[in-house]
file work_34.cif (mmCIF, C-alpha atoms)
data_structure
loop_
_atom_site.label_atom_id
_atom_site.label_comp_id
_atom_site.auth_asym_id
_atom_site.auth_seq_id
_atom_site.Cartn_x
_atom_site.Cartn_y
_atom_site.Cartn_z
CA MET H 191 24.89 23.22 21.90
CA GLN H 192 22.84 22.42 18.88
CA VAL H 193 21.54 18.88 18.99
CA GLN H 194 20.46 17.64 15.62
CA THR H 195 19.01 14.37 14.52
CA HIS H 196 18.26 13.34 11.00
CA VAL H 197 16.00 10.43 10.11
CA ASP H 198 15.29 9.19 6.61
CA ILE H 199 11.73 8.08 6.04
CA ASN H 200 11.34 5.42 3.39
CA SER H 201 9.33 2.75 5.15
CA GLU H 202 6.97 2.45 8.08
CA TRP H 203 9.95 1.66 10.29
CA GLY H 204 11.33 5.10 9.52
CA ILE H 205 8.29 6.58 11.24
CA VAL H 206 9.07 4.61 14.37
CA ALA H 207 12.74 5.67 14.26
CA ALA H 208 11.84 9.37 13.85
CA ARG H 209 9.38 9.14 16.70
CA GLN H 210 11.87 7.55 19.05
CA ALA H 211 14.55 10.10 18.18
CA GLY H 212 12.00 12.85 18.85
CA ARG H 213 10.96 11.46 22.19
CA LYS H 214 14.57 11.11 23.27
CA LEU H 215 15.44 14.71 22.38
CA ALA H 216 12.22 16.04 23.93
CA ARG H 217 13.15 14.33 27.17
CA GLU H 218 16.67 15.74 27.03
CA VAL H 219 15.44 19.28 26.37
CA GLY H 220 13.26 18.94 29.44
CA PHE H 221 9.70 18.64 28.20
CA GLY H 222 7.11 17.08 30.48
CA SER H 223 5.36 13.85 29.61
CA VAL H 224 2.34 15.55 28.03
CA ASP H 225 4.50 17.70 25.75
CA GLN H 226 6.66 14.69 24.98
CA ALA H 227 3.54 12.88 23.81
CA ARG H 228 2.48 15.94 21.77
CA ILE H 229 5.85 16.22 20.05
CA THR H 230 6.07 12.49 19.37
CA THR H 231 2.58 12.46 17.94
CA ALA H 232 3.33 15.47 15.73
CA ILE H 233 6.47 13.76 14.40
CA SER H 234 4.46 10.63 13.81
CA GLU H 235 1.88 12.56 11.75
CA LEU H 236 4.50 14.37 9.69
CA ALA H 237 6.53 11.22 9.09
CA ARG H 238 3.44 9.31 8.08
CA ASN H 239 2.45 12.03 5.63
CA ILE H 240 5.87 11.72 4.02
CA TYR H 241 5.54 7.95 3.81
CA LEU H 242 1.96 8.08 2.49
CA TYR H 243 2.19 10.89 -0.06
CA ALA H 244 5.83 11.34 -1.03
CA ASP H 245 7.19 7.78 -0.48
CA GLN H 246 10.39 9.17 0.98
CA GLY H 247 11.80 12.20 2.71
CA GLN H 248 13.58 13.33 5.86
CA ILE H 249 12.66 14.37 9.35
CA LYS H 250 15.12 16.69 11.05
CA ILE H 251 14.82 17.33 14.76
CA GLU H 252 16.84 19.97 16.56
CA GLU H 253 17.02 21.94 19.76
CA VAL H 254 16.46 25.67 19.31
CA ALA H 255 17.05 28.70 21.50
CA GLU H 256 15.66 32.17 20.80
CA GLY H 257 15.31 35.21 23.00
CA GLY H 258 15.77 33.31 26.24
CA LYS H 259 13.34 30.62 25.18
CA ARG H 260 14.31 27.06 24.50
CA GLY H 261 12.46 24.60 22.41
CA MET H 262 12.47 21.91 19.81
CA LYS H 263 12.08 22.22 16.08
CA ILE H 264 10.85 19.58 13.67
CA ILE H 265 11.54 19.95 9.97
CA ALA H 266 9.82 17.49 7.66
CA SER H 267 10.87 17.72 4.05
CA ASP H 268 10.22 15.69 0.94
CA GLN H 269 10.53 15.92 -2.83
CA GLY H 270 7.07 14.52 -3.38
CA PRO H 271 4.09 15.71 -5.43
CA GLY H 272 3.50 18.81 -3.30
CA ILE H 273 0.19 20.08 -1.96
CA LYS H 274 -2.29 21.63 -4.37
CA ASP H 275 -4.42 23.67 -2.01
CA LEU H 276 -2.67 24.65 1.19
CA ARG H 277 -5.76 26.18 2.74
CA ARG H 278 -7.79 23.03 2.32
CA VAL H 279 -5.25 20.67 3.88
CA MET H 280 -5.37 22.81 6.99
CA GLU H 281 -9.13 22.27 7.28
CA ASP H 282 -10.28 19.62 9.72
CA GLY H 283 -11.70 16.59 8.01
CA PHE H 284 -10.14 17.16 4.59
CA THR H 285 -8.38 14.04 3.36
CA THR H 286 -7.28 12.53 0.07
CA SER H 287 -6.30 9.15 1.49
CA GLY H 288 -9.48 8.11 3.28
CA GLY H 289 -8.00 8.94 6.68
CA LEU H 290 -9.46 11.16 9.37
CA GLY H 291 -8.17 14.40 7.87
CA ALA H 292 -6.92 15.56 11.23
CA GLY H 293 -3.17 15.23 10.60
CA LEU H 294 -1.88 18.67 9.58
CA PRO H 295 -4.39 20.82 11.49
CA GLY H 296 -3.74 18.50 14.42
CA VAL H 297 0.01 19.05 14.22
CA LYS H 298 -0.59 22.79 14.16
CA ARG H 299 -2.58 22.53 17.38
CA LEU H 300 -0.07 20.16 19.01
CA MET H 301 2.86 22.51 18.36
CA ASP H 302 3.38 26.23 19.02
CA ASP H 303 4.75 27.48 15.69
CA PHE H 304 3.84 25.95 12.38
CA ALA H 305 4.86 26.78 8.83
CA ILE H 306 4.26 24.98 5.58
CA GLU H 307 5.78 25.53 2.18
CA SER H 308 4.87 23.50 -0.82
CA GLU H 309 5.32 23.61 -4.53
CA LEU H 310 3.53 21.33 -6.96
CA ASN H 311 5.76 18.50 -8.19
CA GLN H 312 8.69 19.94 -6.21
CA GLY H 313 8.00 18.89 -2.68
CA THR H 314 6.91 20.07 0.72
CA VAL H 315 8.71 21.45 3.75
CA ILE H 316 6.91 21.68 7.07
CA THR H 317 8.51 23.35 10.07
CA ALA H 318 7.02 23.12 13.55
CA VAL H 319 8.38 24.35 16.87
CA LYS H 320 7.39 23.59 20.43
CA TRP H 321 8.66 25.98 23.11
CA LEU H 322 9.59 24.97 26.61
CA ARG H 323 7.48 26.71 29.21
CA MET A 69 43.58 -21.07 -8.32
CA LYS A 70 46.47 -22.34 -10.44
CA GLY A 71 48.90 -24.77 -8.89
CA ASN A 72 52.00 -22.60 -9.22
CA VAL A 73 50.34 -19.58 -7.59
CA ARG A 74 49.05 -21.77 -4.79
CA GLN A 75 52.51 -23.17 -4.29
CA ALA A 76 53.98 -19.68 -4.24
CA ILE A 77 51.57 -18.57 -1.53
CA LEU A 78 52.16 -21.67 0.57
CA ASP A 79 55.94 -21.36 0.19
CA ASN A 80 55.80 -17.81 1.53
CA GLN A 81 53.04 -18.30 4.06
CA ASP A 82 55.09 -17.19 7.06
CA ASP A 83 56.00 -13.87 5.46
CA ILE A 84 52.44 -13.34 4.29
CA THR A 85 51.06 -14.10 7.74
CA GLU A 86 53.43 -11.60 9.30
CA GLU A 87 52.71 -8.89 6.75
CA TRP A 88 48.96 -9.48 7.10
CA GLY A 89 49.17 -9.39 10.89
CA SER A 90 50.69 -5.92 10.94
CA ARG A 91 48.17 -4.60 8.42
CA ILE A 92 45.11 -5.98 10.18
CA GLU A 93 46.32 -4.65 13.51
CA GLN A 94 45.61 -1.11 12.31
CA PHE A 95 42.01 -2.07 11.72
CA ARG A 96 41.43 -2.61 15.41
CA GLN A 97 40.36 1.01 15.89
CA ASP A 98 36.99 0.10 14.42
CA GLU A 99 34.15 1.05 16.75
CA ALA A 100 32.51 -2.33 16.89
CA LEU A 101 35.79 -3.91 17.95
CA GLN A 102 36.68 -1.49 20.75
CA ASN A 103 35.52 -3.89 23.43
CA VAL A 104 37.51 -6.83 22.14
CA SER A 105 40.67 -7.54 24.11
CA SER A 106 43.91 -7.57 22.15
CA ALA A 107 44.54 -11.24 22.94
CA VAL A 108 41.20 -12.22 21.46
CA TYR A 109 41.78 -9.97 18.48
CA GLU A 110 45.19 -11.44 17.78
CA ASN A 111 43.95 -15.00 18.18
CA THR A 112 41.02 -14.41 15.88
CA SER A 113 43.20 -12.71 13.29
CA ARG A 114 45.70 -15.55 13.37
CA ASP A 115 42.85 -18.05 13.10
CA PHE A 116 41.50 -16.16 10.13
CA VAL A 117 44.73 -16.20 8.13
CA GLN A 118 45.29 -19.85 9.04
CA LYS A 119 41.85 -20.76 7.73
CA LEU A 120 42.55 -18.84 4.53
CA LEU A 121 45.81 -20.72 4.04
CA ILE A 122 44.09 -24.05 4.70
CA THR A 123 41.46 -23.12 2.15
CA ILE A 124 44.19 -22.40 -0.38
CA GLN A 125 45.94 -25.66 0.46
CA GLN A 126 42.76 -27.66 -0.08
CA ASN A 127 41.96 -25.58 -3.16
CA ASP A 128 38.30 -25.45 -2.18
CA VAL A 129 36.68 -22.01 -1.78
CA SER A 130 33.65 -23.38 0.05
CA GLY A 131 35.79 -25.29 2.53
CA ARG A 132 34.30 -26.23 5.87
CA ASP A 133 37.01 -24.68 8.04
CA LEU A 134 36.51 -21.17 6.73
CA ASN A 135 32.72 -21.47 6.87
CA GLN A 136 32.75 -22.55 10.48
CA PHE A 137 35.13 -19.74 11.36
CA VAL A 138 32.84 -17.15 9.75
CA GLU A 139 29.83 -18.68 11.46
CA ARG A 140 31.59 -18.14 14.77
CA LEU A 141 32.41 -14.52 13.92
CA ILE A 142 28.74 -13.89 13.11
CA GLN A 143 27.67 -15.33 16.45
CA MET A 144 30.19 -13.19 18.30
CA GLY A 145 28.79 -10.14 16.51
CA TRP A 146 31.97 -9.11 14.71
CA PRO A 147 31.38 -6.65 11.89
CA LEU A 148 31.29 -7.85 8.31
CA ASN A 149 33.97 -5.38 7.32
CA PHE A 150 36.49 -7.25 9.49
CA ILE A 151 36.16 -10.07 6.98
CA THR A 152 36.10 -8.00 3.80
CA ARG A 153 38.94 -5.81 5.04
CA GLY A 154 40.86 -8.89 6.16
CA LEU A 155 40.59 -10.42 2.71
CA GLN A 156 41.65 -7.21 1.01
CA GLU A 157 44.70 -7.03 3.24
CA PHE A 158 45.40 -10.70 2.58
CA ARG A 159 45.39 -10.02 -1.16
CA LYS A 160 47.75 -7.08 -0.78
CA SER A 161 50.07 -9.01 1.52
CA ALA A 162 50.20 -12.06 -0.73
CA VAL A 163 50.87 -10.01 -3.84
CA LYS A 164 53.51 -7.92 -2.12
CA VAL A 165 55.42 -10.83 -0.57
CA ILE A 166 55.40 -13.01 -3.66
CA ALA A 167 56.23 -10.13 -5.98
CA ASP A 168 59.28 -9.40 -3.85
CA HIS A 169 60.50 -12.95 -4.42
CA SER A 170 59.87 -13.54 -8.09
CA GLY A 171 61.40 -11.56 -10.91
CA GLU A 172 59.42 -11.87 -14.15
CA VAL A 173 56.86 -9.08 -14.73
CA LYS A 174 54.68 -11.40 -16.80
CA ASP A 175 54.51 -13.90 -13.97
CA GLN A 176 53.50 -11.18 -11.57
CA LEU A 177 50.56 -10.09 -13.69
CA GLU A 178 49.24 -13.61 -13.84
CA LEU A 179 49.80 -14.00 -10.14
CA PHE A 180 47.92 -10.83 -9.43
CA GLN A 181 44.94 -11.92 -11.53
CA GLU A 182 44.85 -15.34 -9.90
CA ILE A 183 44.87 -13.97 -6.37
CA GLU A 184 42.40 -11.26 -7.30
CA SER A 185 39.79 -13.65 -8.62
CA TRP A 186 40.29 -16.06 -5.75
CA VAL A 187 39.77 -13.31 -3.16
CA ASP A 188 36.67 -12.11 -5.03
CA ASP A 189 35.18 -15.59 -4.88
CA VAL A 190 35.83 -15.87 -1.16
CA VAL A 191 34.41 -12.39 -0.46
CA ASP A 192 31.29 -13.21 -2.47
CA GLN A 193 30.72 -16.37 -0.55
CA LEU A 194 31.36 -14.96 2.91
CA VAL A 195 29.24 -11.85 2.33
CA ASN A 196 26.42 -14.11 1.20
CA GLN A 197 26.81 -16.16 4.32
CA TYR A 198 26.78 -13.05 6.48
CA SER A 199 23.75 -11.41 4.88
CA GLY A 200 21.91 -14.72 4.83
CA SER A 201 22.40 -14.98 8.56
CA TRP A 202 21.08 -11.43 9.07
CA GLU A 203 18.07 -12.02 6.84
CA ASN A 204 17.32 -15.09 8.88
CA THR A 205 17.50 -13.12 12.13
CA VAL A 206 15.22 -10.39 10.81
CA PHE A 207 12.76 -12.98 9.57
CA LEU A 208 12.67 -14.75 12.93
CA GLN A 209 12.16 -11.47 14.76
CA LYS A 210 9.32 -10.55 12.44
CA MET A 211 7.68 -13.88 13.18
CA ALA A 212 8.19 -13.38 16.91
CA LEU A 213 6.67 -9.92 16.67
CA LYS A 214 3.69 -11.26 14.79
CA GLU A 215 3.10 -13.86 17.45
CA LEU A 216 2.60 -11.23 20.13
CA SER A 217 0.68 -8.96 17.83
CA ALA A 218 -2.96 -8.86 18.82
CA PRO A 219 -4.45 -11.64 20.88
CA LEU A 220 -8.11 -11.58 21.84
CA ILE A 221 -8.59 -13.00 25.33
CA PRO A 222 -11.99 -14.13 26.55
CA VAL A 223 -12.04 -13.07 30.24
CA PHE A 224 -15.68 -13.66 31.14
CA ASP A 225 -18.62 -15.15 29.36
CA LYS A 226 -19.50 -12.64 26.58
CA ILE A 227 -16.61 -10.34 27.48
CA SER A 228 -13.21 -10.33 25.72
CA VAL A 229 -10.13 -8.17 26.04
CA MET A 230 -7.61 -7.21 23.38
CA PRO A 231 -4.50 -5.72 24.94
CA LEU A 232 -2.38 -3.77 22.44
CA VAL A 233 1.31 -3.32 23.15
CA GLY A 234 3.75 -1.42 20.96
CA THR A 235 3.61 0.42 17.69
CA ILE A 236 0.66 -0.12 15.41
CA ASP A 237 1.57 -0.18 11.74
CA THR A 238 -0.57 -1.01 8.74
CA GLU A 239 0.11 -4.72 8.93
CA ARG A 240 -0.71 -4.95 12.63
CA ALA A 241 -3.83 -2.85 12.15
CA LYS A 242 -5.04 -5.45 9.67
CA LEU A 243 -4.28 -8.25 12.13
CA ILE A 244 -6.10 -6.41 14.92
CA MET A 245 -9.21 -6.11 12.79
CA GLU A 246 -9.13 -9.77 11.74
CA ASN A 247 -8.48 -11.13 15.24
CA LEU A 248 -11.17 -8.90 16.70
CA LEU A 249 -13.86 -10.03 14.32
CA ASP A 250 -12.87 -13.70 14.35
CA GLY A 251 -12.63 -13.66 18.14
CA VAL A 252 -15.93 -11.90 18.67
CA ILE A 253 -17.70 -14.53 16.61
CA GLU A 254 -15.77 -17.49 18.02
CA HIS A 255 -16.23 -16.51 21.68
CA ARG A 256 -19.72 -15.04 21.15
CA SER A 257 -18.58 -11.84 22.81
CA GLN A 258 -21.01 -9.02 23.41
CA VAL A 259 -18.44 -6.57 24.70
CA VAL A 260 -14.82 -6.22 23.60
CA LEU A 261 -12.37 -4.11 25.56
CA ILE A 262 -9.46 -2.69 23.55
CA ASP A 263 -6.67 -1.80 25.94
CA ILE A 264 -4.18 0.75 24.58
CA THR A 265 -2.10 1.19 27.74
CA GLY A 266 0.94 -0.18 25.91
CA VAL A 267 0.60 1.87 22.73
CA PRO A 268 3.25 4.61 22.86
CA VAL A 269 1.73 7.01 20.35
CA VAL A 270 -1.87 7.46 19.24
CA ASP A 271 -1.78 9.49 16.05
CA THR A 272 -4.55 9.93 13.51
CA MET A 273 -3.73 6.68 11.75
CA VAL A 274 -3.84 4.59 14.92
CA ALA A 275 -7.09 6.32 15.95
CA HIS A 276 -8.51 5.76 12.50
CA HIS A 277 -7.74 2.04 12.66
CA ILE A 278 -9.27 1.72 16.12
CA ILE A 279 -12.39 3.58 15.02
CA GLN A 280 -12.72 1.35 11.96
CA ALA A 281 -12.22 -1.80 14.02
CA SER A 282 -14.85 -0.79 16.54
CA GLU A 283 -17.25 0.09 13.75
CA ALA A 284 -16.72 -3.37 12.27
CA VAL A 285 -17.30 -4.94 15.69
CA ARG A 286 -20.54 -2.98 15.97
CA LEU A 287 -21.64 -4.45 12.63
CA VAL A 288 -21.30 -8.00 13.93
CA GLY A 289 -23.46 -7.10 16.92
CA ALA A 290 -20.98 -6.40 19.71
CA THR A 291 -19.76 -3.26 21.46
CA CYS A 292 -16.21 -1.94 21.78
CA ILE A 293 -14.93 -0.13 24.84
CA LEU A 294 -11.60 1.66 24.57
CA VAL A 295 -9.63 1.46 27.82
CA GLY A 296 -6.20 2.41 29.09
CA ILE A 297 -6.09 5.94 27.75
CA ARG A 298 -3.28 7.68 29.60
CA PRO A 299 -3.72 11.38 30.46
CA GLU A 300 -1.10 12.56 27.96
CA ILE A 301 -2.65 10.44 25.22
CA ALA A 302 -6.07 11.89 26.06
CA GLN A 303 -4.66 15.40 25.60
CA THR A 304 -3.02 14.64 22.28
CA ILE A 305 -6.22 13.03 21.01
CA VAL A 306 -8.13 16.21 21.89
CA ASN A 307 -5.42 18.39 20.30
CA LEU A 308 -5.51 16.36 17.14
CA GLY A 309 -9.27 16.86 17.04
CA ILE A 310 -10.11 13.19 16.78
CA ASP A 311 -13.73 12.48 17.56
CA LEU A 312 -14.01 9.41 19.76
CA GLY A 313 -17.48 10.41 20.94
CA LYS A 314 -19.13 7.53 19.17
CA PHE A 315 -17.82 4.80 21.37
CA PRO A 316 -17.44 4.42 25.11
CA THR A 317 -14.04 4.89 26.71
CA LYS A 318 -12.76 4.18 30.21
CA SER A 319 -9.52 5.13 31.87
CA THR A 320 -8.52 1.66 33.09
CA LEU A 321 -9.16 -1.94 32.19
CA LYS A 322 -10.73 -2.48 35.61
CA LYS A 323 -13.36 0.19 35.06
CA GLY A 324 -13.92 -1.14 31.56
CA ILE A 325 -14.65 -4.62 32.86
CA GLU A 326 -17.09 -3.24 35.44
CA THR A 327 -18.90 -1.38 32.67
CA ALA A 328 -18.86 -4.45 30.44
CA LEU A 329 -20.37 -6.56 33.24
CA GLY A 330 -23.03 -3.92 33.69
CA MET A 331 -23.80 -3.98 29.96
CA THR A 332 -24.28 -7.74 30.12
CA LYS A 333 -26.41 -7.33 33.27
CA ARG A 334 -24.01 -8.87 35.76
CA GLU A 335 -21.84 -7.65 38.60
CA ILE A 336 -19.11 -8.88 40.85
CA VAL A 337 -20.22 -9.14 44.49
CA GLU A 338 -18.19 -9.95 47.56
CA LEU A 339 -19.35 -13.04 49.40
CA GLU A 340 -20.38 -12.52 52.99
CA GLY A 341 -18.70 -14.40 55.76
#

call {"tool": "encode", "arguments": {"input": "work_34.cif", "output": "structure tokens"}}
result
Amino acid sequence: MQVQTHVDINSEWGIVAARQAGRKLAREVGFGSVDQARITTAISELARNIYLYADQGQIKIEEVAEGGKRGMKIIASDQGPGIKDLRRVMEDGFTTSGGLGAGLPGVKRLMDDFAIESELNQGTVITAVKWLR
Amino acid sequence: MKGNVRQAILDNQDDITEEWGSRIEQFRQDEALQNVSSAVYENTSRDFVQKLLITIQQNDVSGRDLNQFVERLIQMGWPLNFITRGLQEFRKSAVKVIADHSGEVKDQLELFQEIESWVDDVVDQLVNQYSGSWENTVFLQKMALKELSAPLIPVFDKISVMPLVGTIDTERAKLIMENLLDGVIEHRSQVVLIDITGVPVVDTMVAHHIIQASEAVRLVGATCILVGIRPEIAQTIVNLGIDLGKFPTKSTLKKGIETALGMTKREIVELEG
């Protein structure tokens, strides 16, 4: 039973839609309220990054099962400008938009698994998983 | 529409109505129309084709009858594709029925063109009407949303509260900042409590806006206290690594008001007796 949701991000309302879809699935998978908040916040960060830097992209949310563990996977992808220095964006306080610079490192801390792939002028794909305990 | 084509349609209107009725019946499977009873569906369909025929009779595409009918459909929440599909089927039915009755191929081509362009005009007009009505609804909702956006409420002398409910986007963040600063000056507040109990998600952008707003409030000589931080929000803020150390926070509005009273050197005491 693979539950998959797909949300297109092309305006600020897309962020809200992705977030709500995420919260709904998190509740269905069985996450507690704190983890629900963590997942929703992570989706919010990723969706906002898409909106801010790439103008448009997609957020895919799905239930995953692996070796007896269950969890939830978020895949944020865009065809935007890409990230020049992957190590720097994972540093706390690094920002190019005048924000807090806590987004990506924050998402990494909010979730259990985190992977980022990016190619200049091609786009970025970020995958993050939260496991049910 | 040319007179002879109009006449042809009106002469065959019973056949066309029947043909149209059987075609449109298949369209009932549409999801949005599942809850509509078959009596209502049949009545509405019959109404629709009648209005179309009246419009043809009066030779006026923007006729009142059809407009009112569409207005009613919009209010009942029927999908737009009932109308577009209905008109397509009407075109097919009319062409089919009349073509069966007249012989000349040349006549049929002209007939087809006439009906085609008439249906296009009607579709154009009705789609405009439909989308106009939706745009209007969206606009009204936006206005309604803006009205409950970010009020600053003076609760005591020198103390104001701004309760935030719902998602904070860029536009609202701007409003929050403006209302805060205007309100602080207007009410001569010394302490402003920002209550985020009703904010579903506090991500870095929301935190950033709140930090900026409180910094701006500090510049005009007042203090911000952030209240209503739910436990799960507190944990996500820590996980995100957002530093809220610079300004005071309290778990509930009640505690915030007590602190604010203390900061303005007052307290609430119970009267004896």

call {"tool": "closest_residue", "arguments": {"input": "work_34.cif", "among": "A:Gln125, A:Thr112, A:Thr238, A:Asn80", "to": "H:Tyr241", "atoms": "all atoms listed in the file"}}
result
A:Thr238

call {"tool": "interface_residues", "arguments": {"input": "work_34.cif", "of": "chain A", "to": "chain H", "cutoff": "8 Å", "atoms": "only C-alpha atoms", "output": "list in words"}}
result
Thr235, Asp237, Val269, Val270, Asp271, Thr272, Met273, His276, Pro299, Glu300, Ile301, Gln303, Thr304, Asn307, Leu308, Gly309 and Ile310 of chain A

call {"tool": "atom_distance", "arguments": {"input": "work_34.cif", "atom1": "atom CA of A:Met245", "atom2": "atom CA of A:Lys226"}}
result
18.4 Å

call {"tool": "resolve_selection", "arguments": {"input": "work_34.cif", "expression": "the PyMOL selection byres ((chain A and resi 86-91) around 10)", "output": "MDAnalysis selection string"}}
result
chainID A and resid 81:85 92:96 110 113:114 117 153:162 164:165

call {"tool": "residues_around", "arguments": {"input": "work_34.cif", "residues": "H:Phe304", "least_positions_apart": "4", "cutoff": "8 Å", "atoms": "only C-alpha atoms", "output": "MDAnalysis selection string"}}
result
chainID H and resid 298 316:319

call {"tool": "atom_distance", "arguments": {"input": "work_34.cif", "atom1": "atom CA of A:Ile336", "atom2": "atom CA of A:Val259"}}
result
16.3 Å

call {"tool": "resolve_selection", "arguments": {"input": "work_34.cif", "expression": "the PyMOL selection byres ((chain A and resi 185-201) around 9)", "output": "list in words"}}
result
Met69, Val129, Ser130, Leu134, Asn135, Val138, Glu139, Ile142, Leu148, Ile151, Thr152, Leu155, Gln156, Phe158, Arg159, Phe180, Gln181, Glu182, Ile183, Glu184, Trp202, Glu203, Asn204, Thr205 and Val206 of chain A

call {"tool": "atom_distance", "arguments": {"input": "work_34.cif", "atom1": "atom CA of H:Gly247", "atom2": "atom CA of A:Lys242"}}
result
25.4 Å

call {"tool": "resolve_selection", "arguments": {"input": "work_34.cif", "expression": "the PyMOL selection byres ((chain H and resi 198) around 7)", "output": "MDAnalysis selection string"}}
result
chainID H and resid 196:197 199:200 204 247:249

call {"tool": "write_last_selection", "arguments": {"input": "work_34.cif", "atoms": "C-alpha atoms", "output": "PDB file, in the coordinates of the input"}}
result
ATOM      1  CA  HIS H 196      18.260  13.340  11.000  1.00  0.00           C
ATOM      2  CA  VAL H 197      16.000  10.430  10.110  1.00  0.00           C
ATOM      3  CA  ILE H 199      11.730   8.080   6.040  1.00  0.00           C
ATOM      4  CA  ASN H 200      11.340   5.420   3.390  1.00  0.00           C
ATOM      5  CA  GLY H 204      11.330   5.100   9.520  1.00  0.00           C
ATOM      6  CA  GLY H 247      11.800  12.200   2.710  1.00  0.00           C
ATOM      7  CA  GLN H 248      13.580  13.330   5.860  1.00  0.00           C
ATOM      8  CA  ILE H 249      12.660  14.370   9.350  1.00  0.00           C
TER       9      ILE H 249
END

call {"tool": "residues_near_point", "arguments": {"input": "work_34.cif", "point": "(11.6, 28.8, 26.0)", "cutoff": "6 Å", "atoms": "all atoms listed in the file", "output": "ChimeraX atom specification"}}
result
/H:259-261,321-323

call {"tool": "closest_residue", "arguments": {"input": "work_34.cif", "among": "H:Asp268, H:Asp303, H:Glu253, H:Asp275", "to": "H:Lys214", "atoms": "all atoms listed in the file"}}
result
H:Glu253

call {"tool": "residues_near_point", "arguments": {"input": "work_34.cif", "point": "(-11.6, 7.5, 17.8)", "cutoff": "8 Å", "atoms": "all atoms listed in the file", "output": "list in words"}}
result
Ala275, His276, Ile278, Ile279, Ile310, Asp311, Leu312, Gly313, Lys314 and Phe315 of chain A

call {"tool": "closest_residue", "arguments": {"input": "work_34.cif", "among": "H:Lys263, H:Lys274, H:Gln269, H:Phe284", "to": "H:Asp245", "atoms": "only C-alpha atoms"}}
result
H:Gln269

call {"tool": "build_atoms", "arguments": {"input": "work_34.cif", "residues": "stretch 155-166 of chain A", "atoms": "N, CA and C atoms", "output": "CSV table (one decimal), in the coordinates of the input"}}
result
chain,number,residue,atom,x,y,z
A,155,LEU,N,40.3,-9.8,4.0
A,155,LEU,CA,40.6,-10.4,2.7
A,155,LEU,C,41.3,-9.5,1.8
A,156,GLN,N,40.9,-8.2,1.8
A,156,GLN,CA,41.6,-7.2,1.0
A,156,GLN,C,43.1,-7.1,1.4
A,157,GLU,N,43.3,-7.1,2.7
A,157,GLU,CA,44.7,-7.0,3.2
A,157,GLU,C,45.5,-8.3,2.9
A,158,PHE,N,44.8,-9.4,2.9
A,158,PHE,CA,45.4,-10.7,2.6
A,158,PHE,C,45.9,-10.7,1.1
A,159,ARG,N,45.0,-10.1,0.3
A,159,ARG,CA,45.4,-10.0,-1.2
A,159,ARG,C,46.6,-9.1,-1.3
A,160,LYS,N,46.6,-8.0,-0.7
A,160,LYS,CA,47.8,-7.1,-0.8
A,160,LYS,C,49.0,-7.7,-0.3
A,161,SER,N,48.9,-8.4,0.9
A,161,SER,CA,50.1,-9.0,1.5
A,161,SER,C,50.6,-10.1,0.6
A,162,ALA,N,49.7,-11.0,0.1
A,162,ALA,CA,50.2,-12.1,-0.7
A,162,ALA,C,50.9,-11.5,-2.0
A,163,VAL,N,50.3,-10.6,-2.6
A,163,VAL,CA,50.9,-10.0,-3.8
A,163,VAL,C,52.2,-9.4,-3.5
A,164,LYS,N,52.3,-8.6,-2.5
A,164,LYS,CA,53.5,-7.9,-2.1
A,164,LYS,C,54.6,-8.9,-1.8
A,165,VAL,N,54.4,-9.9,-1.0
A,165,VAL,CA,55.4,-10.8,-0.6
A,165,VAL,C,55.9,-11.6,-1.7
A,166,ILE,N,55.0,-12.2,-2.5
A,166,ILE,CA,55.4,-13.0,-3.7
A,166,ILE,C,56.1,-12.2,-4.7
